[in-house]
Amino acid sequence: MDEEELTQLISKNFHYYQTGKVADYIPALAKVDPKQLGMAIYDLAEKHLITAGDANVRFAIESMSKVPVLLLAINDNGTDKVFQTINTEPTGFAFNSIMNMEINHRKHPMNPFVNAGAIATTSLISGKTPDEKFERILAFMKLICDDPEITLNEEIYRSESKTGDINRSLAYYMKGNQMIEGEVPAILDTYFKQCSVNVTAAGIAKLAAVLANKGVAPWNGQRIVSEKSATIVKSIMTTAGLYDESGEFSVHVGVPAKSGVGGGLMVAVPNRYGMGVFSPALDAFGNSAAGIQLLTDVIQELSADIFD
């Protein structure tokens with residue numbers, strides 16, 4: 001696929017933004033223009049990135065941050081400790097629900113991509129202070145996205161912190177049940193910051209390309225994470241990456257993906273492509289409305305469904 005073909009598919013799917021709405025429960029995200037759609041594709045065979053539309057517009061990474069933070073937590077602790085703290089099971093409940101842990105008397109969050117699991121993952125990042133932990137997360141994101149311009153969006157961070165009471169309740173529940181270590185306010189401050197950094201679809205495509213390339217950055221050959229880490233994370237993306245739309249997406253599109261309420265989508269097609277999409281209007285499941293439609297067409301055009 002070349003830039004012209006990708007541009008045509010963006011034009012074809014642009015109107016789907018009208019079927020969604022921006023994440024207005026976070027005040028700073030409510031201000032984002034919904035009329036945006038962009039995509040970047042990193043082709044591992046060609047070692048080449050193509051971009052089209054709004055692929056270089058900066059937006060809040062939000063829940064896509066759960067992927068690099070999980071990779072960094074594995075780097076810091078090893079897979080055994082991380083997955084003794086957090087399970088890898090899908091959940092039929094909302095991403096910010098505590099119901100699965102309560103009903104089933106779970107001693108661990110269900111997976112690293114629901115909010116409870118993501119907060120637990122953040123608690124595992126090495127560092128003596130919240131600032132040191134966040135600086136390590138930020139440096140890792142810059143490395144794995146090959147994007148030195150990634151910065152904290154202070155306005156979104158303040159919005160996240162101001163409206164984050166459900167996340168506080170999840171964290172205190174886990175702390176009260178000895179599921180996490182550390183001070184809850186410090187853990188949450190790092191978590192709110194990691195969700196509030198500005199990225200681009202191009203950078204997300206490169207992050208996904210590292211996963212697709214078994215943990216090695218295809219642009220310079222540097223191993224950033226282990227092959228085992230990349231495999232585990234792609235597996236969890238397949239089962240839990242798009243909240244309650246994960247199963248339907250796997251059936252109809254068939255690639256490991258992770259979304260964020262900032263309008264981003266990340267796709268890692270093993271051994272073939274890393275993809276990043278941005279369109280901020282969200283569907284009923286909290287995933288990019290136009291982005292899902294665009295991805296469906298792109299995956300079909302490239303015959304990239306991993307289950308075919």
# chains A, B, ... in the order shown; residues from 1 in each chain; ligands from 1
$ residues_around --residues "Ile26 (chain A)" --least-positions-apart "3" --cutoff "10 Å" --atoms "only C-alpha atoms" --output "list in words"
Val22, Ala23, Leu29, Ala30, Lys31, Ile156, Tyr157, Arg158, Ser159, Glu160, Ser161, Lys162, Thr163, Gly164, Val261 and Gly262 of chain A
$ residues_around --residues "Ile119 (chain A)" --least-positions-apart "5" --cutoff "8 Å" --atoms "only C-alpha atoms" --output "VMD selection string"
chain A and resid 171 187 to 188 191
$ atom_distance --atom1 "CA of Leu242 (chain A)" --atom2 "CA of Ala304 (chain A)"
18.1 Å
$ residues_around --residues "region 80-87 of chain A" --least-positions-apart "3" --cutoff "6 Å" --atoms "only C-alpha atoms" --output "list in words"
His108, Pro109, Met110 and Asn111 of chain A
$ closest_residue --among "A:Gln222, A:Gln194, A:Ser11, A:Ser63" --to "Thr151 (chain A)" --atoms "only C-alpha atoms"
A:Gln194
$ closest_residue --among "A:Asp43, A:Glu149, A:Glu62, A:Glu155" --to "Gly263 (chain A)" --atoms "only C-alpha atoms"
A:Glu62
$ closest_atom_pairs --of "region 172-243 of chain A" --to "region 265-282 of chain A" --cutoff "6 Å" --atoms "only C-alpha atoms" --output "Markdown table"
| residue | atom | partner | partner_atom | distance |
| --- | --- | --- | --- | --- |
| A:Ala201 | CA | A:Gly276 | CA | 4.4 |
| A:Ile204 | CA | A:Gly276 | CA | 4.9 |
| A:Ala205 | CA | A:Met275 | CA | 4.1 |
| A:Ala208 | CA | A:Gly274 | CA | 4.4 |
| A:Ala209 | CA | A:Gly274 | CA | 3.8 |
| A:Ala212 | CA | A:Pro270 | CA | 4.2 |
| A:Asn213 | CA | A:Asn271 | CA | 5.4 |
$ write_last_selection --atoms "N, CA and C atoms" --output "compact mmCIF listing (two decimals), in the first residue's frame"
# COMPACT_ATOMS: atom_id res chain seq x y z
N ALA A 201 0.05 9.42 15.40
CA ALA A 201 -0.21 8.11 14.79
C ALA A 201 1.08 7.53 14.22
N ILE A 204 2.97 5.99 17.10
CA ILE A 204 2.28 4.77 17.54
C ILE A 204 2.53 3.63 16.55
N ALA A 205 2.58 3.93 15.26
CA ALA A 205 2.89 2.91 14.26
C ALA A 205 4.27 2.32 14.50
N ALA A 208 4.12 0.02 17.52
CA ALA A 208 3.51 -1.23 17.10
C ALA A 208 4.45 -2.07 16.24
N ALA A 209 5.30 -1.38 15.45
CA ALA A 209 6.26 -2.10 14.61
C ALA A 209 7.29 -2.85 15.46
N ALA A 212 5.49 -5.91 16.47
CA ALA A 212 5.35 -6.80 15.31
C ALA A 212 6.68 -7.44 14.95
N ASN A 213 7.79 -6.76 15.27
CA ASN A 213 9.13 -7.22 14.92
C ASN A 213 9.82 -7.93 16.10
$ closest_residue --among "A:Ala60, A:Leu37, A:Asn13, A:Pro27" --to "Thr296 (chain A)" --atoms "only C-alpha atoms"
A:Asn13
$ select_by_dssp --residues "region 47-186 of chain A" --states "strand (DSSP E)" --output "ChimeraX atom specification"
/A:48-53,59-60,151-152
$ write_last_selection --atoms "C-alpha atoms" --output "CSV table (one decimal), in the first residue's frame"
chain,number,residue,atom,x,y,z
A,48,HIS,CA,9.4,2.2,5.5
A,49,LEU,CA,6.8,4.4,7.2
A,50,ILE,CA,3.9,5.8,5.1
A,51,THR,CA,1.6,8.4,6.5
A,52,ALA,CA,-1.6,10.1,5.4
A,53,GLY,CA,-4.3,12.4,6.7
A,59,PHE,CA,-3.1,13.8,20.6
A,60,ALA,CA,-3.3,12.2,24.1
A,151,THR,CA,5.8,15.6,26.0
A,152,LEU,CA,3.3,15.8,28.9
$ select_by_dssp --residues "region 31-76 of chain A" --states "helix (DSSP H, G or I)" --output "PDB file with C-alpha atoms, in the first residue's frame"
ATOM      1  CA  GLU A  62      -4.581   7.743  27.017  1.00  0.00           C
ATOM      2  CA  SER A  63      -5.084   3.956  27.351  1.00  0.00           C
ATOM      3  CA  MET A  64      -2.602   3.115  24.609  1.00  0.00           C
ATOM      4  CA  SER A  65      -0.020   4.080  27.261  1.00  0.00           C
ATOM      5  CA  LYS A  66      -0.851   0.780  28.945  1.00  0.00           C
ATOM      6  CA  VAL A  67       1.189  -1.009  26.262  1.00  0.00           C
ATOM      7  CA  PRO A  68       4.580   0.722  26.684  1.00  0.00           C
ATOM      8  CA  VAL A  69       4.156   0.894  30.480  1.00  0.00           C
ATOM      9  CA  LEU A  70       3.478  -2.854  30.591  1.00  0.00           C
ATOM     10  CA  LEU A  71       6.588  -3.458  28.468  1.00  0.00           C
ATOM     11  CA  LEU A  72       8.658  -1.263  30.787  1.00  0.00           C
ATOM     12  CA  ALA A  73       7.254  -3.008  33.879  1.00  0.00           C
ATOM     13  CA  ILE A  74       8.316  -6.361  32.385  1.00  0.00           C
ATOM     14  CA  ASN A  75      11.771  -4.930  31.652  1.00  0.00           C
ATOM     15  CA  ASP A  76      11.989  -3.733  35.269  1.00  0.00           C
TER      16      ASP A  76
END
$ closest_residue --among "A:Val197, A:Ala257, A:Leu207, A:Leu124" --to "Gly78 (chain A)" --atoms "only C-alpha atoms"
A:Leu124
$ atom_distance --atom1 "CA of Ser303 (chain A)" --atom2 "CA of Lys214 (chain A)"
20.3 Å
$ atom_distance --atom1 "CA of Glu132 (chain A)" --atom2 "CA of Lys228 (chain A)"
26.5 Å
$ decode --residues "region 225-238 of chain A" --atoms "all heavy atoms" --output "PDB file, in the first residue's frame"
ATOM      1  N   VAL A 225      12.659  -4.536  23.719  1.00  0.00           N
ATOM      2  CA  VAL A 225      12.062  -5.457  24.690  1.00  0.00           C
ATOM      3  C   VAL A 225      12.331  -6.879  24.220  1.00  0.00           C
ATOM      4  O   VAL A 225      12.693  -7.116  23.058  1.00  0.00           O
ATOM      5  CB  VAL A 225      10.539  -5.226  24.856  1.00  0.00           C
ATOM      6  CG1 VAL A 225      10.261  -3.824  25.370  1.00  0.00           C
ATOM      7  CG2 VAL A 225       9.785  -5.472  23.557  1.00  0.00           C
ATOM      8  N   SER A 226      12.137  -7.829  25.094  1.00  0.00           N
ATOM      9  CA  SER A 226      12.383  -9.218  24.727  1.00  0.00           C
ATOM     10  C   SER A 226      11.307  -9.727  23.774  1.00  0.00           C
ATOM     11  O   SER A 226      10.189  -9.203  23.724  1.00  0.00           O
ATOM     12  CB  SER A 226      12.403 -10.101  25.979  1.00  0.00           C
ATOM     13  OG  SER A 226      11.099 -10.218  26.525  1.00  0.00           O
ATOM     14  N   GLU A 227      11.655 -10.756  23.033  1.00  0.00           N
ATOM     15  CA  GLU A 227      10.675 -11.387  22.141  1.00  0.00           C
ATOM     16  C   GLU A 227       9.492 -11.918  22.940  1.00  0.00           C
ATOM     17  O   GLU A 227       8.330 -11.807  22.517  1.00  0.00           O
ATOM     18  CB  GLU A 227      11.340 -12.520  21.356  1.00  0.00           C
ATOM     19  CG  GLU A 227      10.416 -13.183  20.348  1.00  0.00           C
ATOM     20  CD  GLU A 227      11.115 -14.206  19.471  1.00  0.00           C
ATOM     21  OE1 GLU A 227      12.360 -14.194  19.402  1.00  0.00           O
ATOM     22  OE2 GLU A 227      10.411 -15.027  18.847  1.00  0.00           O
ATOM     23  N   LYS A 228       9.764 -12.467  24.119  1.00  0.00           N
ATOM     24  CA  LYS A 228       8.690 -12.988  24.975  1.00  0.00           C
ATOM     25  C   LYS A 228       7.729 -11.872  25.382  1.00  0.00           C
ATOM     26  O   LYS A 228       6.505 -12.045  25.341  1.00  0.00           O
ATOM     27  CB  LYS A 228       9.284 -13.654  26.209  1.00  0.00           C
ATOM     28  CG  LYS A 228       8.251 -14.280  27.140  1.00  0.00           C
ATOM     29  CD  LYS A 228       8.925 -14.957  28.324  1.00  0.00           C
ATOM     30  CE  LYS A 228       7.883 -15.606  29.252  1.00  0.00           C
ATOM     31  NZ  LYS A 228       8.541 -16.237  30.431  1.00  0.00           N
ATOM     32  N   SER A 229       8.276 -10.726  25.770  1.00  0.00           N
ATOM     33  CA  SER A 229       7.433  -9.577  26.142  1.00  0.00           C
ATOM     34  C   SER A 229       6.536  -9.164  24.985  1.00  0.00           C
ATOM     35  O   SER A 229       5.336  -8.929  25.158  1.00  0.00           O
ATOM     36  CB  SER A 229       8.294  -8.381  26.547  1.00  0.00           C
ATOM     37  OG  SER A 229       8.998  -8.627  27.725  1.00  0.00           O
ATOM     38  N   ALA A 230       7.116  -9.049  23.800  1.00  0.00           N
ATOM     39  CA  ALA A 230       6.347  -8.636  22.627  1.00  0.00           C
ATOM     40  C   ALA A 230       5.229  -9.623  22.334  1.00  0.00           C
ATOM     41  O   ALA A 230       4.101  -9.221  22.016  1.00  0.00           O
ATOM     42  CB  ALA A 230       7.273  -8.497  21.417  1.00  0.00           C
ATOM     43  N   THR A 231       5.510 -10.905  22.459  1.00  0.00           N
ATOM     44  CA  THR A 231       4.501 -11.934  22.199  1.00  0.00           C
ATOM     45  C   THR A 231       3.357 -11.859  23.209  1.00  0.00           C
ATOM     46  O   THR A 231       2.177 -11.912  22.849  1.00  0.00           O
ATOM     47  CB  THR A 231       5.136 -13.332  22.251  1.00  0.00           C
ATOM     48  OG1 THR A 231       6.142 -13.415  21.230  1.00  0.00           O
ATOM     49  CG2 THR A 231       4.104 -14.421  22.021  1.00  0.00           C
ATOM     50  N   ILE A 232       3.705 -11.726  24.486  1.00  0.00           N
ATOM     51  CA  ILE A 232       2.692 -11.645  25.542  1.00  0.00           C
ATOM     52  C   ILE A 232       1.790 -10.440  25.315  1.00  0.00           C
ATOM     53  O   ILE A 232       0.552 -10.539  25.377  1.00  0.00           O
ATOM     54  CB  ILE A 232       3.354 -11.567  26.929  1.00  0.00           C
ATOM     55  CG1 ILE A 232       3.995 -12.894  27.291  1.00  0.00           C
ATOM     56  CG2 ILE A 232       2.338 -11.156  27.999  1.00  0.00           C
ATOM     57  CD1 ILE A 232       4.883 -12.845  28.528  1.00  0.00           C
ATOM     58  N   VAL A 233       2.383  -9.290  25.047  1.00  0.00           N
ATOM     59  CA  VAL A 233       1.602  -8.064  24.900  1.00  0.00           C
ATOM     60  C   VAL A 233       0.693  -8.135  23.675  1.00  0.00           C
ATOM     61  O   VAL A 233      -0.470  -7.728  23.729  1.00  0.00           O
ATOM     62  CB  VAL A 233       2.523  -6.833  24.870  1.00  0.00           C
ATOM     63  CG1 VAL A 233       1.746  -5.569  24.519  1.00  0.00           C
ATOM     64  CG2 VAL A 233       3.211  -6.666  26.219  1.00  0.00           C
ATOM     65  N   LYS A 234       1.186  -8.671  22.572  1.00  0.00           N
ATOM     66  CA  LYS A 234       0.328  -8.837  21.390  1.00  0.00           C
ATOM     67  C   LYS A 234      -0.852  -9.764  21.699  1.00  0.00           C
ATOM     68  O   LYS A 234      -1.977  -9.523  21.234  1.00  0.00           O
ATOM     69  CB  LYS A 234       1.138  -9.395  20.212  1.00  0.00           C
ATOM     70  CG  LYS A 234       2.002  -8.367  19.512  1.00  0.00           C
ATOM     71  CD  LYS A 234       2.792  -8.974  18.361  1.00  0.00           C
ATOM     72  CE  LYS A 234       3.860  -9.917  18.828  1.00  0.00           C
ATOM     73  NZ  LYS A 234       4.864 -10.263  17.799  1.00  0.00           N
ATOM     74  N   SER A 235      -0.603 -10.802  22.483  1.00  0.00           N
ATOM     75  CA  SER A 235      -1.675 -11.731  22.841  1.00  0.00           C
ATOM     76  C   SER A 235      -2.761 -11.040  23.656  1.00  0.00           C
ATOM     77  O   SER A 235      -3.958 -11.228  23.402  1.00  0.00           O
ATOM     78  CB  SER A 235      -1.111 -12.909  23.641  1.00  0.00           C
ATOM     79  OG  SER A 235      -0.164 -13.630  22.894  1.00  0.00           O
ATOM     80  N   ILE A 236      -2.354 -10.226  24.636  1.00  0.00           N
ATOM     81  CA  ILE A 236      -3.337  -9.528  25.466  1.00  0.00           C
ATOM     82  C   ILE A 236      -4.061  -8.460  24.648  1.00  0.00           C
ATOM     83  O   ILE A 236      -5.267  -8.220  24.838  1.00  0.00           O
ATOM     84  CB  ILE A 236      -2.665  -8.912  26.714  1.00  0.00           C
ATOM     85  CG1 ILE A 236      -1.953  -9.988  27.530  1.00  0.00           C
ATOM     86  CG2 ILE A 236      -3.718  -8.228  27.601  1.00  0.00           C
ATOM     87  CD1 ILE A 236      -1.080  -9.450  28.659  1.00  0.00           C
ATOM     88  N   MET A 237      -3.372  -7.831  23.718  1.00  0.00           N
ATOM     89  CA  MET A 237      -4.032  -6.877  22.814  1.00  0.00           C
ATOM     90  C   MET A 237      -5.138  -7.561  22.031  1.00  0.00           C
ATOM     91  O   MET A 237      -6.219  -6.993  21.817  1.00  0.00           O
ATOM     92  CB  MET A 237      -3.009  -6.266  21.844  1.00  0.00           C
ATOM     93  CG  MET A 237      -2.075  -5.245  22.484  1.00  0.00           C
ATOM     94  SD  MET A 237      -0.646  -4.800  21.434  1.00  0.00           S
ATOM     95  CE  MET A 237      -1.447  -3.961  20.062  1.00  0.00           C
ATOM     96  N   THR A 238      -4.913  -8.798  21.624  1.00  0.00           N
ATOM     97  CA  THR A 238      -5.905  -9.527  20.830  1.00  0.00           C
ATOM     98  C   THR A 238      -7.162  -9.815  21.633  1.00  0.00           C
ATOM     99  O   THR A 238      -8.283  -9.733  21.117  1.00  0.00           O
ATOM    100  CB  THR A 238      -5.306 -10.847  20.311  1.00  0.00           C
ATOM    101  OG1 THR A 238      -4.118 -10.557  19.572  1.00  0.00           O
ATOM    102  CG2 THR A 238      -6.275 -11.590  19.411  1.00  0.00           C
TER     103      THR A 238
END
